[in-house]
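K.L.:
Quick one: this structure, given as structure tokens, is what I'll be asking you about.
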2 protein chains.
Amino acid sequence: MLRLTDRIEFPSKSNDILTVGELLVDMISAEYDEDFTCDTYHKFFGGSPSNIAMNVKRLGIRPLVASAVGKDGFGKFLMNHLQEADIPTTCLQQVEDATSMVVVTKSRSTPIPIFYRGADYQLAYTPELEEALLHSNIVHFSCWPISRKPVRATVEKVIDTAKENGILVCFDPNYHPMIWEKGENGIEYVKSIIGKADIVKPSEDDAERLFGKDTPENQVQKFLQLGAKLVIMTLGKDGAIVSNGDETLQFQTVATEVVDTTGAGDAFWSGFYAAVVKGYTITEALQLGFAVSAYKLKYMGAVVDLPKLEEIQELYGL
Amino acid sequence: MLRLTDRIEFPSKSNDILTVGELLVDMISAEYDEDFTCDTYHKFFGGSPSNIAMNVKRLGIRPLVASAVGKDGFGKFLMNHLQEADIPTTCLQQVEDATSMVVVTKSRSTPIPIFYRGADYQLAYTPELEEALLHSNIVHFSCWPISRKPVRATVEKVIDTAKENGILVCFDPNYHPMIWEKGENGIEYVKSIIGKADIVKPSEDDAERLFGKDTPENQVQKFLQLGAKLVIMTLGKDGAIVSNGDETLQFQTVATEVVDTTGAGDAFWSGFYAAVVKGYTITEALQLGFAVSAYKLKYMGAVVDLPKLEEIQELYGL
């Protein structure tokens, strides 16, 4: 049981958090475009878990990234970006496929991304990956790597090893049929992974895609019934509901200014992780997570130049 | 035998040339970049046979394009581009995969493209494709579609149908291991396709990748021995050698100004096709092809705003 008033006691290790999965290029149109005429795109470092790694490094804890990139210019770009942020690249695997990419043409209606998956799903369970995992206290992943083979098997092994070794398993159940292997029931598989996770953080949309429409309270119950130990359900401007099955808390948003919502969920994860590692209680860590998310919302971009966690704490009077 | 002084007699049909294969987005860096820091890219209509279709339309003959694109923004962009050029899109197939893309980061040393292949290799042999083929006098394709399954089977059927129906089969033997399916001997397969082609146009690099280093004269012989009826071997600034096994001609380059070599080979094909369709002899068509290529070399970009063939003819005193 993860009690909301408790601190999580982590043993002393050489790393705090290992993110497993997508490290990719986001290719984003320079302008809003409704008729496919925009011809300028900008490339960005991307992939939700990798963004979390960048964030937590700035907040003041130690991340490692386990991902596969291509032996190409984009792979080198991503690797350089991690190295410049002083994040070790010992768990990056360079494979024959092209570095994965997501193309987003910004639109006033619904921007529909185009997914170019290559290297990312070749991530193998290597001795280096296992070593990094065993030297970490938290492992984080999203639906992206489990949506395809062979990386799915790698994540399954990561979960098993993490559970055998008392490593906290955190899962972003951001299921979307567009990334899933065709002809497969992704929803049932994602549910099976929720059952193995210590902490999950669904948005309302995530919950609806998995369970259909329902009240936030009911959706939280469904995640708990599947076996998740702590469910953090974010409700956009309406804050969040958090429950461990025994205790339930409501959080109001602390965002004062919303410039860009991209990466807000990852910013929450980042603040929460930094705080639990730094010895705050789960309730305090949740508050700090929402504060980091509120800070990120004031700026454009998926990854913004976050200050140290303590500065955010002071800024938001926590 | 394709005699160099002969005209090719084509029956009256509703279309002149069908190109089969890659229609894709070229994503090209705005600047030269040696350390992967360039973050701005521009998207272009691309794919060698599709560029030939655009060119021949401008030169004054009728093309059709058989290609597969994704049901996404890039697919719509490519389709719109053809429609704006007044090229029918009846043979475009929209499939579930992402529209194929090639990313090129320009470099002063050797720019290494990254290939993102998706929709393009799903091109199926449909009744619409067969109909378009039977209503055309020439079919053109490159190594791109034959490098992967299932589109390879489509091209094989196209070749068989073309040969049964007296349609001229033209093949660009631009073999490169980077686009080939891993673990397969692409060279042997390309050689088998050369044997089925009426006309092939290798560059010196293409020949070297297929046969190793040798003199241009010897390389031409190798293509002829495989069964090609007419071999047009381009030698860059040294012009070209053309042979049908019986007659051999040398061509000097007519290029006066070289701004950008991208698309020069496709410009040659385009001028040659427009000329044979318009009733010029093969020798005249070769001269017109080299003139169109020389015209293209004066401008930046893979596809430039070509004038009508007759204007090029006048410009180059042919």
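Going through the structure tokens in order, the chains are called A, B, and so on, while each chain numbers its residues from 1 and the ligands are numbered from 1 in the order shown.
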What residues in stretch 92-151 of chain A get the DSSP label strand (DSSP E or B)? Please answer as a CSV table (one decimal) with N, CA and C atoms, in the first residue's frame.
P.N.:
chain,number,residue,atom,x,y,z
A,92,LEU,N,21.6,3.8,-24.3
A,92,LEU,CA,21.1,4.0,-25.6
A,92,LEU,C,21.6,2.9,-26.5
A,93,GLN,N,20.7,2.3,-27.3
A,93,GLN,CA,21.1,1.3,-28.3
A,93,GLN,C,21.0,1.9,-29.7
A,94,GLN,N,22.1,1.6,-30.5
A,94,GLN,CA,22.1,2.1,-31.9
A,94,GLN,C,21.8,0.9,-32.8
A,95,VAL,N,20.7,1.0,-33.5
A,95,VAL,CA,20.3,-0.1,-34.3
A,95,VAL,C,20.2,0.3,-35.8
A,101,MET,N,10.4,8.9,-35.6
A,101,MET,CA,10.0,10.3,-35.7
A,101,MET,C,8.5,10.5,-35.7
A,102,VAL,N,8.0,11.6,-35.1
A,102,VAL,CA,6.6,11.9,-35.2
A,102,VAL,C,6.5,13.3,-35.9
A,103,VAL,N,5.7,13.3,-37.0
A,103,VAL,CA,5.5,14.6,-37.7
A,103,VAL,C,4.2,15.2,-37.2
A,104,VAL,N,4.2,16.4,-36.8
A,104,VAL,CA,3.0,17.1,-36.4
A,104,VAL,C,2.8,18.3,-37.2
A,114,ILE,N,1.7,12.1,-37.7
A,114,ILE,CA,2.1,10.9,-38.6
A,114,ILE,C,3.2,10.2,-37.8
A,115,PHE,N,3.1,8.9,-37.6
A,115,PHE,CA,4.1,8.2,-36.9
A,115,PHE,C,5.0,7.5,-37.8
A,116,TYR,N,6.3,7.7,-37.6
A,116,TYR,CA,7.3,7.0,-38.4
A,116,TYR,C,8.2,6.2,-37.4
A,138,ILE,N,13.3,3.7,-9.5
A,138,ILE,CA,12.0,3.9,-10.2
A,138,ILE,C,12.2,3.5,-11.7
A,139,VAL,N,11.2,2.8,-12.3
A,139,VAL,CA,11.3,2.7,-13.7
A,139,VAL,C,10.0,3.2,-14.3
A,140,HIS,N,10.1,4.0,-15.4
A,140,HIS,CA,8.9,4.6,-16.0
A,140,HIS,C,8.8,4.2,-17.4
A,141,PHE,N,7.6,4.0,-17.9
A,141,PHE,CA,7.3,3.8,-19.3
A,141,PHE,C,5.9,4.2,-19.7
A,142,SER,N,5.7,4.3,-21.0
A,142,SER,CA,4.3,4.7,-21.5
A,142,SER,C,3.8,3.5,-22.3
K.L.:
Give me, as a PyMOL selection string, the contact residues of chain B against chain A at a cut-off of 12 Å, counting only C-alpha atoms.
P.N.:
chain B and resi 25-30+33-45+70-81+96-107+110-119+178-179+181-182
K.L.:
Take atom CA of A:Thr154 and atom CA of A:Pro173 and report the distance between them in Å, one decimal.
P.N.:
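These atoms are spaced 17.3 Å apart.
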K.L.:
Excluding stretch 156-168 of chain B and its own-chain neighbours fewer than 2 positions away, which residues fall within 10 Å of it when counting only C-alpha atoms? Please give them as a ChimeraX atom specification.
P.N.:
/B:8,10-11,17,20,125,129-130,133-141,146,151-154,170-171,193,196-199
K.L.:
Give the helix (DSSP H, G or I) residues of stretch 24-154 of chain B, as DSSP finds them on the backbone, and put them as a PyMOL selection string.
P.N.:
chain B and resi 48-59+73-84+119-122+127-134+143-146+151-154
K.L.:
Show which residues sit within 10 Å of stretch 50-55 of chain A, as an NGL selection string. Count only C-alpha atoms, and ignore same-chain residues fewer than 6 positions away.
P.N.:
:A and (17-24 or 61-67 or 78 or 81-82 or 85-87 or 140-141 or 263 or 265-271 or 273-274 or 292 or 302-308)
K.L.:
At a cut-off of 10 Å, using only C-alpha atoms, what residues contact B:Glu184? Leave out same-chain residues fewer than 5 positions from it and give the result as JSON, numbers by chain.
P.N.:
{"B": [147, 148, 177, 189]}
K.L.:
Take the residues just selected and output them with all heavy atoms as a PDB file, in the first residue's frame.
P.N.:
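Writing done, so here's result.pdb:
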ATOM      1  N   SER B 147      12.789  -2.974 -54.315  1.00  0.00           N
ATOM      2  CA  SER B 147      13.649  -3.279 -53.167  1.00  0.00           C
ATOM      3  C   SER B 147      12.877  -3.860 -51.982  1.00  0.00           C
ATOM      4  O   SER B 147      13.480  -4.272 -50.994  1.00  0.00           O
ATOM      5  CB  SER B 147      14.386  -2.012 -52.716  1.00  0.00           C
ATOM      6  OG  SER B 147      13.455  -1.064 -52.207  1.00  0.00           O
ATOM      7  N   ARG B 148      11.548  -3.857 -52.057  1.00  0.00           N
ATOM      8  CA  ARG B 148      10.738  -4.334 -50.935  1.00  0.00           C
ATOM      9  C   ARG B 148       9.500  -5.092 -51.418  1.00  0.00           C
ATOM     10  O   ARG B 148       8.969  -4.793 -52.479  1.00  0.00           O
ATOM     11  CB  ARG B 148      10.219  -3.115 -50.120  1.00  0.00           C
ATOM     12  CG  ARG B 148      11.249  -2.414 -49.276  1.00  0.00           C
ATOM     13  CD  ARG B 148      11.405  -3.090 -47.936  1.00  0.00           C
ATOM     14  NE  ARG B 148      12.346  -2.321 -47.137  1.00  0.00           N
ATOM     15  CZ  ARG B 148      12.022  -1.583 -46.083  1.00  0.00           C
ATOM     16  NH1 ARG B 148      10.769  -1.523 -45.682  1.00  0.00           N
ATOM     17  NH2 ARG B 148      12.933  -0.913 -45.421  1.00  0.00           N
ATOM     18  N   PRO B 177      22.357  -0.316 -51.669  1.00  0.00           N
ATOM     19  CA  PRO B 177      22.053  -1.264 -50.578  1.00  0.00           C
ATOM     20  C   PRO B 177      21.227  -0.636 -49.446  1.00  0.00           C
ATOM     21  O   PRO B 177      20.486  -1.342 -48.762  1.00  0.00           O
ATOM     22  CB  PRO B 177      23.442  -1.702 -50.089  1.00  0.00           C
ATOM     23  CG  PRO B 177      24.418  -0.730 -50.682  1.00  0.00           C
ATOM     24  CD  PRO B 177      23.790  -0.187 -51.920  1.00  0.00           C
ATOM     25  N   TYR B 189      19.021  -9.531 -57.866  1.00  0.00           N
ATOM     26  CA  TYR B 189      17.643  -9.274 -58.259  1.00  0.00           C
ATOM     27  C   TYR B 189      17.567  -8.148 -59.294  1.00  0.00           C
ATOM     28  O   TYR B 189      16.860  -8.256 -60.305  1.00  0.00           O
ATOM     29  CB  TYR B 189      16.770  -8.952 -57.039  1.00  0.00           C
ATOM     30  CG  TYR B 189      15.329  -8.822 -57.446  1.00  0.00           C
ATOM     31  CD1 TYR B 189      14.568  -9.955 -57.725  1.00  0.00           C
ATOM     32  CD2 TYR B 189      14.754  -7.575 -57.633  1.00  0.00           C
ATOM     33  CE1 TYR B 189      13.261  -9.850 -58.173  1.00  0.00           C
ATOM     34  CE2 TYR B 189      13.454  -7.454 -58.088  1.00  0.00           C
ATOM     35  CZ  TYR B 189      12.708  -8.595 -58.346  1.00  0.00           C
ATOM     36  OH  TYR B 189      11.416  -8.484 -58.802  1.00  0.00           O
TER      37      TYR B 189
END
K.L.:
In Å, how far is it from atom CA of B:Leu210 to atom CA of B:Gln252?
P.N.:
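So the two atoms, atom CA of B:Leu210 and atom CA of B:Gln252, lie 24.6 Å apart.
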K.L.:
List the neighbours of B:Ile241 out to 9 Å using only C-alpha atoms; skip same-chain residues closer than 4 positions along the sequence, and give me the result as a ChimeraX atom specification.
P.N.:
/B:216-217,220,231-235,248-251
K.L.:
Okay, now the selection with N, CA, C and O atoms, as a short mmCIF file (atom, residue, chain, number, x, y, z; two decimals), in the first residue's frame?
P.N.:
data_model
loop_
_atom_site.label_atom_id
_atom_site.label_comp_id
_atom_site.auth_asym_id
_atom_site.auth_seq_id
_atom_site.Cartn_x
_atom_site.Cartn_y
_atom_site.Cartn_z
N PRO B 216 33.66 2.55 -68.74
CA PRO B 216 32.27 2.76 -69.15
C PRO B 216 31.88 1.81 -70.29
O PRO B 216 30.79 1.23 -70.27
N GLU B 217 32.78 1.62 -71.25
CA GLU B 217 32.48 0.76 -72.39
C GLU B 217 32.18 -0.68 -71.92
O GLU B 217 31.22 -1.31 -72.38
N VAL B 220 28.77 -0.88 -70.10
CA VAL B 220 27.65 -0.90 -71.05
C VAL B 220 27.43 -2.32 -71.56
O VAL B 220 26.30 -2.81 -71.64
N VAL B 231 21.09 0.72 -73.73
CA VAL B 231 21.76 1.15 -72.50
C VAL B 231 22.24 2.58 -72.66
O VAL B 231 22.99 2.89 -73.59
N ILE B 232 21.79 3.44 -71.76
CA ILE B 232 22.20 4.85 -71.78
C ILE B 232 23.03 5.05 -70.53
O ILE B 232 22.49 5.09 -69.42
N MET B 233 24.33 5.10 -70.68
CA MET B 233 25.17 5.23 -69.50
C MET B 233 25.66 6.67 -69.39
O MET B 233 26.42 7.14 -70.24
N THR B 234 25.23 7.35 -68.33
CA THR B 234 25.60 8.76 -68.16
C THR B 234 26.91 8.85 -67.40
O THR B 234 27.18 8.08 -66.47
N LEU B 235 27.75 9.81 -67.83
CA LEU B 235 29.10 9.95 -67.28
C LEU B 235 29.34 11.34 -66.69
O LEU B 235 30.47 11.84 -66.72
N THR B 248 26.86 2.09 -81.26
CA THR B 248 27.25 2.77 -80.02
C THR B 248 27.51 4.25 -80.34
O THR B 248 28.19 4.55 -81.34
N LEU B 249 26.98 5.13 -79.54
CA LEU B 249 27.18 6.56 -79.74
C LEU B 249 27.75 7.19 -78.48
O LEU B 249 27.43 6.77 -77.36
N GLN B 250 28.60 8.19 -78.65
CA GLN B 250 29.10 8.98 -77.53
C GLN B 250 28.39 10.32 -77.58
O GLN B 250 28.20 10.88 -78.66
N PHE B 251 28.00 10.84 -76.44
CA PHE B 251 27.40 12.17 -76.36
C PHE B 251 28.26 13.06 -75.48
O PHE B 251 28.68 12.63 -74.40
#
K.L.:
Would you pick out the contacts of B:Glu208 at 12 Å or less, using only C-alpha atoms, so that residues sharing its chain but fewer than 2 positions from it are not included, and give the list as number ranges by chain?
P.N.:
B: 173-176, 187, 202-206, 210-216, 218-220, 222-223, 233
K.L.:
Convert the current residue selection to file output with C-alpha atoms, as an mmCIF file, in the first residue's frame.
P.N.:
data_model
loop_
_atom_site.group_PDB
_atom_site.id
_atom_site.type_symbol
_atom_site.label_atom_id
_atom_site.label_comp_id
_atom_site.auth_asym_id
_atom_site.auth_seq_id
_atom_site.Cartn_x
_atom_site.Cartn_y
_atom_site.Cartn_z
ATOM 1 C CA PRO B 173 18.933 0.636 -62.248
ATOM 2 C CA ASN B 174 19.806 3.032 -59.396
ATOM 3 C CA TYR B 175 20.614 0.198 -57.006
ATOM 4 C CA HIS B 176 21.668 1.175 -53.496
ATOM 5 C CA ILE B 187 22.298 -6.930 -56.849
ATOM 6 C CA PRO B 202 22.694 3.665 -65.325
ATOM 7 C CA SER B 203 25.106 6.269 -64.015
ATOM 8 C CA GLU B 204 28.744 5.279 -63.486
ATOM 9 C CA ASP B 205 28.009 4.878 -59.761
ATOM 10 C CA ASP B 206 25.012 2.634 -60.454
ATOM 11 C CA LEU B 210 26.201 -3.579 -59.591
ATOM 12 C CA PHE B 211 29.359 -4.805 -61.339
ATOM 13 C CA GLY B 212 32.325 -3.276 -59.536
ATOM 14 C CA LYS B 213 34.774 -0.804 -61.121
ATOM 15 C CA ASP B 214 35.350 -1.012 -64.875
ATOM 16 C CA THR B 215 35.560 1.200 -67.968
ATOM 17 C CA PRO B 216 32.273 2.756 -69.154
ATOM 18 C CA ASN B 218 32.780 -2.534 -70.490
ATOM 19 C CA GLN B 219 29.957 -1.585 -68.103
ATOM 20 C CA VAL B 220 27.646 -0.896 -71.049
ATOM 21 C CA LYS B 222 27.438 -5.941 -69.061
ATOM 22 C CA PHE B 223 24.006 -4.320 -69.150
ATOM 23 C CA MET B 233 25.171 5.232 -69.501
#
K.L.:
What does the distance from atom CA of A:Asp260 to atom CA of A:Met300 come to in Å, to one decimal?
P.N.:
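The value is 5.2 Å.
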